[in-house]
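As provided, structure10.pdb (PDB, C-alpha atoms) reads as follows.
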ATOM      1  CA  LYS A   1     -44.935  11.714  16.152
ATOM      2  CA  THR A   2     -46.034  10.801  19.664
ATOM      3  CA  ARG A   3     -48.610   8.435  18.256
ATOM      4  CA  CYS A   4     -46.022   6.806  16.022
ATOM      5  CA  ILE A   5     -43.641   6.193  18.933
ATOM      6  CA  MET A   6     -46.440   4.723  21.002
ATOM      7  CA  GLU A   7     -47.358   2.405  18.141
ATOM      8  CA  GLU A   8     -43.740   1.219  17.955
ATOM      9  CA  TYR A   9     -43.779   0.311  21.625
ATOM     10  CA  ASP A  10     -47.152  -1.360  21.190
ATOM     11  CA  ASP A  11     -45.578  -3.674  18.614
ATOM     12  CA  LEU A  12     -42.762  -4.359  21.028
ATOM     13  CA  ALA A  13     -45.073  -4.871  24.001
ATOM     14  CA  GLU A  14     -46.970  -7.604  22.203
ATOM     15  CA  GLY A  15     -43.749  -9.575  21.932
ATOM     16  CA  PRO A  16     -43.029 -12.391  19.485
ATOM     17  CA  VAL A  17     -45.941 -14.226  17.974
ATOM     18  CA  GLU A  18     -44.932 -17.829  17.364
ATOM     19  CA  GLY A  19     -41.327 -16.698  17.618
ATOM     20  CA  VAL A  20     -41.734 -13.819  15.113
ATOM     21  CA  LEU A  21     -41.335 -10.138  15.995
ATOM     22  CA  ASN A  22     -41.940  -7.526  13.296
ATOM     23  CA  LEU A  23     -40.641  -4.032  14.052
ATOM     24  CA  SER A  24     -40.245  -2.997  10.427
ATOM     25  CA  HIS A  25     -41.269   0.324   8.864
ATOM     26  CA  ASN A  26     -40.804   2.349  12.021
ATOM     27  CA  THR A  27     -38.287   4.923  13.247
ATOM     28  CA  TRP A  28     -36.105   2.809  15.534
ATOM     29  CA  LYS A  29     -32.571   4.233  15.755
ATOM     30  CA  THR A  30     -31.220   1.421  17.920
ATOM     31  CA  LEU A  31     -32.360  -2.072  18.751
ATOM     32  CA  PRO A  32     -34.602  -1.695  21.803
ATOM     33  CA  PRO A  33     -33.094  -3.187  24.972
ATOM     34  CA  GLU A  34     -36.431  -4.868  25.681
ATOM     35  CA  LEU A  35     -35.490  -7.470  23.076
ATOM     36  CA  ASP A  36     -33.392  -9.160  25.760
ATOM     37  CA  ASP A  37     -36.652 -10.138  27.457
ATOM     38  CA  PHE A  38     -37.462 -12.325  24.458
ATOM     39  CA  SER A  39     -34.128 -14.133  24.262
ATOM     40  CA  LYS A  40     -35.818 -17.497  24.992
ATOM     41  CA  THR A  41     -38.689 -17.113  22.545
ATOM     42  CA  LEU A  42     -37.529 -14.882  19.679
ATOM     43  CA  LEU A  43     -36.700 -16.824  16.515
ATOM     44  CA  HIS A  44     -37.304 -14.329  13.689
ATOM     45  CA  LEU A  45     -36.659 -10.599  13.994
ATOM     46  CA  ASP A  46     -37.544  -8.055  11.305
ATOM     47  CA  VAL A  47     -36.281  -4.509  11.886
ATOM     48  CA  SER A  48     -36.102  -3.501   8.239
ATOM     49  CA  ASN A  49     -36.919   0.001   7.009
ATOM     50  CA  ASN A  50     -35.932   1.861  10.175
ATOM     51  CA  ASN A  51     -33.132   4.269  11.102
ATOM     52  CA  LEU A  52     -30.694   1.834  12.706
ATOM     53  CA  SER A  53     -27.040   2.859  12.511
ATOM     54  CA  ALA A  54     -25.523  -0.297  14.004
ATOM     55  CA  ILE A  55     -26.203  -3.821  15.167
ATOM     56  CA  PRO A  56     -25.102  -3.543  18.826
ATOM     57  CA  PRO A  57     -23.445  -6.087  21.132
ATOM     58  CA  SER A  58     -26.846  -6.928  22.624
ATOM     59  CA  ILE A  59     -27.595  -8.959  19.482
ATOM     60  CA  GLY A  60     -25.460 -11.677  21.056
ATOM     61  CA  ASN A  61     -28.170 -12.212  23.699
ATOM     62  CA  LEU A  62     -30.650 -13.508  21.099
ATOM     63  CA  VAL A  63     -29.034 -16.927  20.945
ATOM     64  CA  LEU A  64     -32.134 -18.687  19.500
ATOM     65  CA  LEU A  65     -32.469 -16.299  16.583
ATOM     66  CA  LYS A  66     -32.901 -18.037  13.217
ATOM     67  CA  SER A  67     -33.434 -15.053  10.925
ATOM     68  CA  LEU A  68     -32.536 -11.391  11.175
ATOM     69  CA  ASP A  69     -33.716  -8.770   8.702
ATOM     70  CA  VAL A  70     -32.186  -5.302   9.160
ATOM     71  CA  SER A  71     -32.330  -4.295   5.510
ATOM     72  CA  ARG A  72     -32.932  -0.713   4.417
ATOM     73  CA  ASN A  73     -31.472   1.037   7.435
ATOM     74  CA  GLN A  74     -28.306   3.121   7.847
ATOM     75  CA  ILE A  75     -26.163   0.429   9.453
ATOM     76  CA  ASP A  76     -22.405   0.856   9.048
ATOM     77  CA  ILE A  77     -21.213  -1.674  11.630
ATOM     78  CA  ILE A  78     -22.195  -5.105  12.903
ATOM     79  CA  ASP A  79     -20.837  -5.990  16.315
ATOM     80  CA  GLY A  80     -18.841  -9.203  16.592
ATOM     81  CA  ALA A  81     -21.332 -10.456  19.184
ATOM     82  CA  ILE A  82     -23.454 -11.670  16.280
ATOM     83  CA  GLY A  83     -21.122 -14.666  16.272
ATOM     84  CA  LYS A  84     -23.018 -15.885  19.355
ATOM     85  CA  CYS A  85     -26.159 -16.352  17.272
ATOM     86  CA  ILE A  86     -25.053 -19.811  16.251
ATOM     87  CA  ARG A  87     -28.587 -20.846  15.181
ATOM     88  CA  LEU A  88     -28.910 -18.003  12.709
ATOM     89  CA  ARG A  89     -29.900 -19.265   9.260
ATOM     90  CA  LYS A  90     -30.749 -16.106   7.346
ATOM     91  CA  LEU A  91     -29.158 -12.665   7.592
ATOM     92  CA  ASN A  92     -30.459  -9.782   5.501
ATOM     93  CA  VAL A  93     -28.434  -6.569   5.715
ATOM     94  CA  ALA A  94     -29.208  -5.261   2.224
ATOM     95  CA  ALA A  95     -29.329  -1.543   1.439
ATOM     96  CA  ASN A  96     -27.232  -0.262   4.331
ATOM     97  CA  ARG A  97     -23.793   1.350   4.640
ATOM     98  CA  LEU A  98     -21.720  -1.663   5.641
ATOM     99  CA  GLU A  99     -18.061  -1.688   4.617
ATOM    100  CA  CYS A 100     -17.196  -5.081   6.094
ATOM    101  CA  PHE A 101     -18.513  -8.008   8.103
ATOM    102  CA  PRO A 102     -17.051  -8.902  11.493
ATOM    103  CA  GLU A 103     -14.808 -11.978  11.430
ATOM    104  CA  GLU A 104     -17.112 -13.549  14.015
ATOM    105  CA  ILE A 105     -19.735 -14.040  11.323
ATOM    106  CA  GLY A 106     -17.831 -17.235  10.576
ATOM    107  CA  ASN A 107     -19.066 -18.656  13.904
ATOM    108  CA  CYS A 108     -22.669 -18.706  12.660
ATOM    109  CA  ILE A 109     -22.076 -22.080  11.057
ATOM    110  CA  MET A 110     -25.780 -22.703  10.345
ATOM    111  CA  LEU A 111     -26.136 -19.649   8.107
ATOM    112  CA  GLU A 112     -27.792 -20.554   4.811
ATOM    113  CA  GLU A 113     -28.369 -17.108   3.316
ATOM    114  CA  ILE A 114     -26.487 -13.820   3.534
ATOM    115  CA  ILE A 115     -28.160 -10.991   1.667
ATOM    116  CA  ALA A 116     -25.834  -7.982   1.619
ATOM    117  CA  ASN A 117     -26.440  -6.294  -1.696
ATOM    118  CA  ASP A 118     -26.331  -2.500  -2.079
ATOM    119  CA  ASN A 119     -23.862  -1.694   0.675
ATOM    120  CA  LYS A 120     -20.295  -0.363   0.630
ATOM    121  CA  LEU A 121     -18.528  -3.666   1.219
ATOM    122  CA  TYR A 122     -14.896  -3.618   0.119
ATOM    123  CA  THR A 123     -13.976  -7.027   1.534
ATOM    124  CA  ILE A 124     -15.500 -10.375   2.468
ATOM    125  CA  PRO A 125     -14.016 -12.189   5.493
ATOM    126  CA  ASN A 126     -12.215 -15.445   4.778
ATOM    127  CA  LYS A 127     -14.098 -16.967   7.712
ATOM    128  CA  LEU A 128     -17.133 -17.360   5.445
ATOM    129  CA  GLU A 129     -15.491 -20.563   4.215
ATOM    130  CA  ASN A 130     -16.502 -22.056   7.583
ATOM    131  CA  LEU A 131     -20.195 -21.670   6.756
ATOM    132  CA  ILE A 132     -20.712 -25.209   5.511
ATOM    133  CA  ALA A 133     -24.498 -24.721   5.080
ATOM    134  CA  LEU A 134     -24.312 -21.483   3.104
ATOM    135  CA  SER A 135     -26.291 -21.670  -0.147
ATOM    136  CA  ILE A 136     -26.815 -18.009  -1.094
ATOM    137  CA  LEU A 137     -24.359 -15.132  -0.814
ATOM    138  CA  ASP A 138     -25.622 -11.923  -2.369
ATOM    139  CA  VAL A 139     -23.030  -9.128  -2.465
ATOM    140  CA  ARG A 140     -24.195  -7.289  -5.567
ATOM    141  CA  ASN A 141     -23.602  -3.576  -5.976
ATOM    142  CA  ASN A 142     -20.799  -3.106  -3.473
ATOM    143  CA  ASP A 143     -17.166  -1.974  -3.678
ATOM    144  CA  LEU A 144     -15.505  -5.400  -3.628
ATOM    145  CA  THR A 145     -12.116  -5.874  -5.277
ATOM    146  CA  SER A 146     -11.829  -9.605  -4.568
ATOM    147  CA  ILE A 147     -13.763 -12.636  -3.354
ATOM    148  CA  PRO A 148     -12.205 -15.306  -1.096
ATOM    149  CA  THR A 149     -11.324 -18.172  -3.406
ATOM    150  CA  LYS A 150     -12.001 -20.765  -0.700
ATOM    151  CA  LEU A 151     -15.709 -20.023  -1.002
ATOM    152  CA  CYS A 152     -15.606 -22.520  -3.881
ATOM    153  CA  ARG A 153     -15.115 -25.228  -1.240
ATOM    154  CA  VAL A 154     -18.360 -24.485   0.605
ATOM    155  CA  PRO A 155     -20.265 -27.592  -0.518
ATOM    156  CA  THR A 156     -23.765 -26.077  -0.414
ATOM    157  CA  LEU A 157     -23.021 -22.722  -2.053
ATOM    158  CA  ASN A 158     -24.908 -22.528  -5.337
ATOM    159  CA  GLN A 159     -25.686 -18.833  -5.658
ATOM    160  CA  LEU A 160     -22.845 -16.357  -5.478
ATOM    161  CA  LEU A 161     -24.147 -13.029  -6.719
ATOM    162  CA  CYS A 162     -21.615 -10.262  -7.219
ATOM    163  CA  GLU A 163     -22.676  -8.126 -10.180
ATOM    164  CA  GLY A 164     -22.199  -4.408  -9.829
ATOM    165  CA  ASN A 165     -18.754  -4.563  -8.177
ATOM    166  CA  THR A 166     -16.867  -2.571 -10.783
ATOM    167  CA  GLN A 167     -13.430  -3.064  -9.215
ATOM    168  CA  LEU A 168     -13.744  -6.826  -8.783
ATOM    169  CA  THR A 169     -10.716  -8.721 -10.126
ATOM    170  CA  SER A 170     -11.552 -12.249  -8.966
ATOM    171  CA  ALA A 171     -13.482 -13.072 -12.129
ATOM    172  CA  PRO A 172     -14.125 -11.608 -15.566
ATOM    173  CA  GLU A 173     -17.197  -9.427 -15.807
ATOM    174  CA  ASN A 174     -19.024 -11.861 -18.083
ATOM    175  CA  MET A 175     -18.801 -14.560 -15.378
ATOM    176  CA  ARG A 176     -20.191 -12.532 -12.493
ATOM    177  CA  CYS A 177     -23.827 -13.140 -13.377
ATOM    178  CA  ASN A 178     -23.352 -16.907 -13.565
ATOM    179  CA  SER A 179     -22.772 -18.515 -10.181
ATOM    180  CA  ASP A 180     -21.566 -21.791 -11.648
ATOM    181  CA  LEU A 181     -18.948 -20.105 -13.822
ATOM    182  CA  LEU A 182     -17.902 -17.824 -10.991
ATOM    183  CA  LEU A 183     -17.453 -20.706  -8.560
ATOM    184  CA  PHE A 184     -15.535 -22.631 -11.217
ATOM    185  CA  CYS A 185     -13.261 -19.628 -11.705
ATOM    186  CA  LEU A 186     -12.666 -19.385  -7.943
ATOM    187  CA  GLU A 187     -11.925 -23.102  -7.824
ATOM    188  CA  MET A 188      -9.288 -22.781 -10.544
ATOM    189  CA  GLN A 189      -7.698 -19.880  -8.687
ATOM    190  CA  GLN A 190      -7.716 -21.823  -5.439
ATOM    191  CA  LYS A 191      -5.995 -24.796  -7.058
ATOM    192  CA  PHE A 192      -3.329 -22.447  -8.356
ATOM    193  CA  ILE A 193      -2.944 -20.944  -4.881
ATOM    194  CA  ASP A 194      -2.665 -24.427  -3.352
ATOM    195  CA  ILE A 195       0.282 -25.115  -5.647
ATOM    196  CA  LEU A 196       1.866 -21.691  -5.376
ATOM    197  CA  ASP A 197       1.606 -21.039  -1.633
ATOM    198  CA  PRO A 198       3.855 -23.934  -0.490
ATOM    199  CA  LYS A 199       6.486 -22.840  -2.999
ATOM    200  CA  ARG A 200       6.265 -19.262  -1.742
ATOM    201  CA  ARG A 201       6.603 -20.443   1.842
ATOM    202  CA  GLN A 202       9.613 -22.538   0.869
ATOM    203  CA  GLN A 203      11.108 -19.579  -0.973
ATOM    204  CA  GLN A 204      10.588 -17.340   2.041
ATOM    205  CA  GLU A 205      12.089 -19.954   4.354
ATOM    206  CA  LEU A 206      15.159 -20.258   2.139
ATOM    207  CA  GLN A 207      15.414 -16.480   1.946
ATOM    208  CA  ASN A 208      15.293 -16.268   5.746
ATOM    209  CA  ASN A 209      17.973 -18.974   5.984
ATOM    210  CA  LEU A 210      20.104 -16.995   3.536
ATOM    211  CA  TYR A 211      19.768 -13.858   5.645
ATOM    212  CA  GLN A 212      20.755 -15.837   8.745
ATOM    213  CA  LEU A 213      23.758 -17.364   6.968
ATOM    214  CA  ASN A 214      24.881 -13.949   5.731
ATOM    215  CA  ALA A 215      24.581 -12.608   9.256
ATOM    216  CA  SER A 216      26.571 -15.585  10.575
ATOM    217  CA  VAL A 217      29.271 -15.094   7.937
ATOM    218  CA  GLN A 218      29.536 -11.406   8.756
ATOM    219  CA  ASP A 219      29.747 -12.206  12.463
ATOM    220  CA  ALA A 220      32.450 -14.815  11.757
ATOM    221  CA  ARG A 221      34.445 -12.283   9.739
ATOM    222  CA  THR A 222      34.242  -9.798  12.577
ATOM    223  CA  GLN A 223      35.453 -12.420  15.037
ATOM    224  CA  ILE A 224      38.295 -13.438  12.692
ATOM    225  CA  ASP A 225      39.455  -9.811  12.407
ATOM    226  CA  ARG A 226      39.314  -9.416  16.171
ATOM    227  CA  LEU A 227      41.296 -12.610  16.726
ATOM    228  CA  HIS A 228      43.849 -11.510  14.143
ATOM    229  CA  GLU A 229      44.397  -8.283  16.077
ATOM    230  CA  GLU A 230      44.703 -10.177  19.358
ATOM    231  CA  ILE A 231      47.206 -12.618  17.861
ATOM    232  CA  ALA A 232      49.262  -9.763  16.443
ATOM    233  CA  SER A 233      49.365  -8.080  19.846
ATOM    234  CA  LEU A 234      50.356 -11.342  21.550
ATOM    235  CA  GLU A 235      53.204 -12.036  19.108
ATOM    236  CA  TRP A 236      55.434  -9.743  21.149
ATOM    237  CA  GLU A 237      54.946 -11.904  24.199
ATOM    238  CA  ARG A 238      56.102 -15.158  22.601
ATOM    239  CA  PRO A 239      59.451 -16.326  24.160
ATOM    240  CA  ASP A 240      61.149 -16.971  20.824
ATOM    241  CA  GLN A 241      60.038 -13.582  19.538
ATOM    242  CA  TYR A 242      61.232 -11.950  22.736
ATOM    243  CA  ILE A 243      64.662 -13.597  22.430
ATOM    244  CA  TYR A 244      64.871 -12.746  18.749
ATOM    245  CA  TRP A 245      64.040  -9.092  19.179
ATOM    246  CA  LYS A 246      66.205  -8.808  22.278
ATOM    247  CA  GLY A 247      69.134 -10.158  20.242
ATOM    248  CA  ARG A 248      68.416  -7.706  17.467
ATOM    249  CA  PHE A 249      68.198  -4.894  19.983
ATOM    250  CA  LEU A 250      71.494  -5.811  21.635
ATOM    251  CA  LYS A 251      73.151  -6.166  18.243
ATOM    252  CA  LEU A 252      71.872  -2.756  17.244
ATOM    253  CA  MET A 253      73.045  -1.246  20.506
ATOM    254  CA  GLY A 254      76.486  -2.857  19.990
ATOM    255  CA  TYR A 255      76.630  -1.443  16.507
ATOM    256  CA  LEU A 256      75.641   2.014  17.729
ATOM    257  CA  TRP A 257      78.221   1.868  20.536
ATOM    258  CA  LYS A 258      80.920   0.887  18.068
ATOM    259  CA  LYS A 259      79.988   3.796  15.835
ATOM    260  CA  ILE A 260      79.982   6.142  18.789
ATOM    261  CA  LEU A 261      83.503   4.996  19.760
ATOM    262  CA  GLU A 262      84.701   5.383  16.189
ATOM    263  CA  LEU A 263      83.218   8.848  16.076
ATOM    264  CA  TRP A 264      84.844   9.675  19.382
ATOM    265  CA  ASP A 265      88.234   8.542  18.112
ATOM    266  CA  TRP A 266      87.741  10.586  14.964
ATOM    267  CA  VAL A 267      86.792  13.649  17.003
ATOM    268  CA  LYS A 268      89.849  13.212  19.249
ATOM    269  CA  VAL A 269      92.134  12.981  16.234
ATOM    270  CA  LYS A 270      90.636  16.069  14.659
ATOM    271  CA  PHE A 271      90.776  17.965  17.890
ATOM    272  CA  TRP A 272      94.390  16.981  18.466
ATOM    273  CA  ARG A 273      95.398  18.090  15.030
ATOM    274  CA  TRP A 274      93.611  21.356  15.498
ATOM    275  CA  TRP A 275      95.205  21.874  18.876
ATOM    276  CA  THR A 276      98.610  20.980  17.632
ATOM    277  CA  GLY A 277      98.300  23.364  14.721
ATOM    278  CA  ARG A 278      97.188  26.151  16.997
ATOM    279  CA  GLN A 279     100.231  25.698  19.262
ATOM    280  CA  THR A 280     102.523  25.752  16.257
ATOM    281  CA  HIS A 281     101.332  29.218  15.144
ATOM    282  CA  LEU A 282     101.343  30.982  18.514
ATOM    283  CA  THR A 283     103.406  34.320  18.408
ATOM    284  CA  TYR A 284     105.112  36.301  21.157
ATOM    285  CA  PRO A 285     106.076  39.996  21.531
ATOM    286  CA  GLU A 286     109.597  39.838  20.076
ATOM    287  CA  GLY A 287     108.406  38.031  16.971
ATOM    288  CA  ARG A 288     109.606  34.684  18.097
ATOM    289  CA  HIS A 289     107.679  31.554  17.432
ATOM    290  CA  ILE A 290     107.330  28.667  19.684
TER
END
Encoded form (structure tokens):
Amino acid sequence: KTRCIMEEYDDLAEGPVEGVLNLSHNTWKTLPPELDDFSKTLLHLDVSNNNLSAIPPSIGNLVLLKSLDVSRNQIDIIDGAIGKCIRLRKLNVAANRLECFPEEIGNCIMLEEIIANDNKLYTIPNKLENLIALSILDVRNNDLTSIPTKLCRVPTLNQLLCEGNTQLTSAPENMRCNSDLLLFCLEMQQKFIDILDPKRRQQQELQNNLYQLNASVQDARTQIDRLHEEIASLEWERPDQYIYWKGRFLKLMGYLWKKILELWDWVKVKFWRWWTGRQTHLTYPEGRHI
């Protein structure tokens, strides 16, 4: 094992030969930090068939890199710093454990080939549509459910390989082995999307306007009810209403006073009759009546 490690560092110590550095078929678990020393000379890096688990942020220091081969490792993540490798033309990440690409991959606008077969990819970033030089995209034997339809607009793309994605719904299975048919299918879908999306946006805008109008109507109703209550409470303070109700009150009081007087007269009459009758029937000791 010691000899093997020393041999690995011997390969690294020699540095790039005409811009090429081959570190394949070793036991590297991470990209060696010494690679930064070759940032001005390294053009092609092969670290395939190792034990790498990730492509680290330090990859962004290799700004002159034209090809990167990290196939047949155990990579499950690519750092977004790879977007700084704007001269990168070929990327081979086949036979790893990748589930997705970083969005920054779309910054590598000179990419011509992406080999990513036999991974665990479940999605492809839409930013790949920015790769105007891309000619080969190999995503066979992954877990993809869809392919960005705008890939059909990449003018140089002539090989789109996606067989072995059993859950893929972007194209019928019999089209997946024919790049021309697959790209044609994506183009038809994209044209449909171009027609449908503006209508959906318009529909959503109208729906939002409807919600706003409903909210405005509800707010107006609330304000109307509040104003109705305020008007009702202020009715009592209107001068004509005050005079009217004062007149009604005085009339009622006059009526009640009249009834009270009539009742008083009636009571006096009744009392007088009772009193008179009582005096008439008074008796005295000798049986005389008054």
**Asked** Of the candidates A:Ala133, A:Leu64, A:Val139, A:Ile124, which one gets nearest to Ala95 in chain A if we count all atoms listed in the file?
**Response** A:Val139
**Contacts of Ala81 in chain A at 7 Å (all atoms listed in the file; same-chain gap of 6+ positions) as a ChimeraX atom specification** = /A:57,59-60
**Prompt:** In Å, with one decimal, what is the gap from CA of Ile147 in chain A to CA of Ile82 in chain A?
**Reply:**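 Calculated distance between CA of Ile147 in chain A and CA of Ile82 in chain A is 21.9 Å.
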**From A:Arg89, A:Arg248, A:His25, A:Arg221, residue lying nearest Ile114 in chain A [all atoms listed in the file]** =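 Closest to Ile114 in chain A, using all atoms listed in the file: A:Arg89.
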**Item:** Polymer residues at most 7 Å from Asn49 in chain A, only C-alpha atoms, same-chain spacing of 3 or more positions, as a ChimeraX atom specification
**Value:** /A:24-26,71-73
**Prompt:** Which polymer residues have any atom within 8 Å of an atom of Met110 in chain A, counting all atoms listed in the file, with same-chain residues fewer than 4 positions away left out, as a PyMOL selection string?
**Reply:** chain A and resi 86-89+131-134
**Prompt:** Just so the selection is clear, what residues does the PyMOL selection byres ((chain A and resi 65) around 9) cover here, as a list of chain:residue names?
**Reply:**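 Applying the PyMOL selection byres ((chain A and resi 65) around 9) to the structure shown produces A:Gly19, A:Ser39, A:Thr41, A:Leu42, A:Leu43, A:His44, A:Leu45, A:Leu62, A:Val63, A:Leu64, A:Lys66, A:Ser67, A:Leu68, A:Cys85, A:Ile86, A:Arg87, A:Leu88, A:Arg89.
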Atoms to include: C-alpha atoms. Write the selected residues as a short mmCIF file (atom, residue, chain, number, x, y, z; two decimals), keeping the file's coordinate frame.
data_model
loop_
_atom_site.label_atom_id
_atom_site.label_comp_id
_atom_site.auth_asym_id
_atom_site.auth_seq_id
_atom_site.Cartn_x
_atom_site.Cartn_y
_atom_site.Cartn_z
CA GLY A 19 -41.33 -16.70 17.62
CA SER A 39 -34.13 -14.13 24.26
CA THR A 41 -38.69 -17.11 22.54
CA LEU A 42 -37.53 -14.88 19.68
CA LEU A 43 -36.70 -16.82 16.52
CA HIS A 44 -37.30 -14.33 13.69
CA LEU A 45 -36.66 -10.60 13.99
CA LEU A 62 -30.65 -13.51 21.10
CA VAL A 63 -29.03 -16.93 20.94
CA LEU A 64 -32.13 -18.69 19.50
CA LYS A 66 -32.90 -18.04 13.22
CA SER A 67 -33.43 -15.05 10.92
CA LEU A 68 -32.54 -11.39 11.18
CA CYS A 85 -26.16 -16.35 17.27
CA ILE A 86 -25.05 -19.81 16.25
CA ARG A 87 -28.59 -20.85 15.18
CA LEU A 88 -28.91 -18.00 12.71
CA ARG A 89 -29.90 -19.26 9.26
#
**Request:** Compile the contact shell of Leu168 in chain A as a list in words: residues with an atom at most 9 Å away, counting all atoms listed in the file, same-chain residues fewer than 5 positions apart removed.
**Result:** Asp143, Leu144, Thr145, Ser146, Ile147, Cys162 and Glu173 of chain A
**Prompt:** What does the distance between CA of Asp138 in chain A and CA of Trp28 in chain A come to in Å, to one decimal place?
**Reply:** 25.4 Å
**Computed interatomic separation between CA of Trp274 in chain A and CA of Lys259 in chain A (Å)** =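 A separation of 22.2 Å between them.
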**Request:** On this file, the PyMOL selection byres ((chain A and resi 137) around 7) gives some set of residues; write that set as a PyMOL selection string.
**Result:** chain A and resi 113-115+135-136+138-139+159-161
**Message:** As a check of understanding, name the residues that the PyMOL selection byres ((chain A and resi 54) around 10) selects in the supplied structure, as an NGL selection string.
**Reply:** :A and (29-31 or 51-53 or 55-57 or 70 or 73-79 or 96-98)
**Prompt:** For Leu151 in chain A, which of A:Gln189, A:Asn107, A:Thr166, A:Ser48 is the closest residue, counting all atoms listed in the file?
**Reply:**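 For Leu151 in chain A, the nearest of the candidates is A:Gln189.
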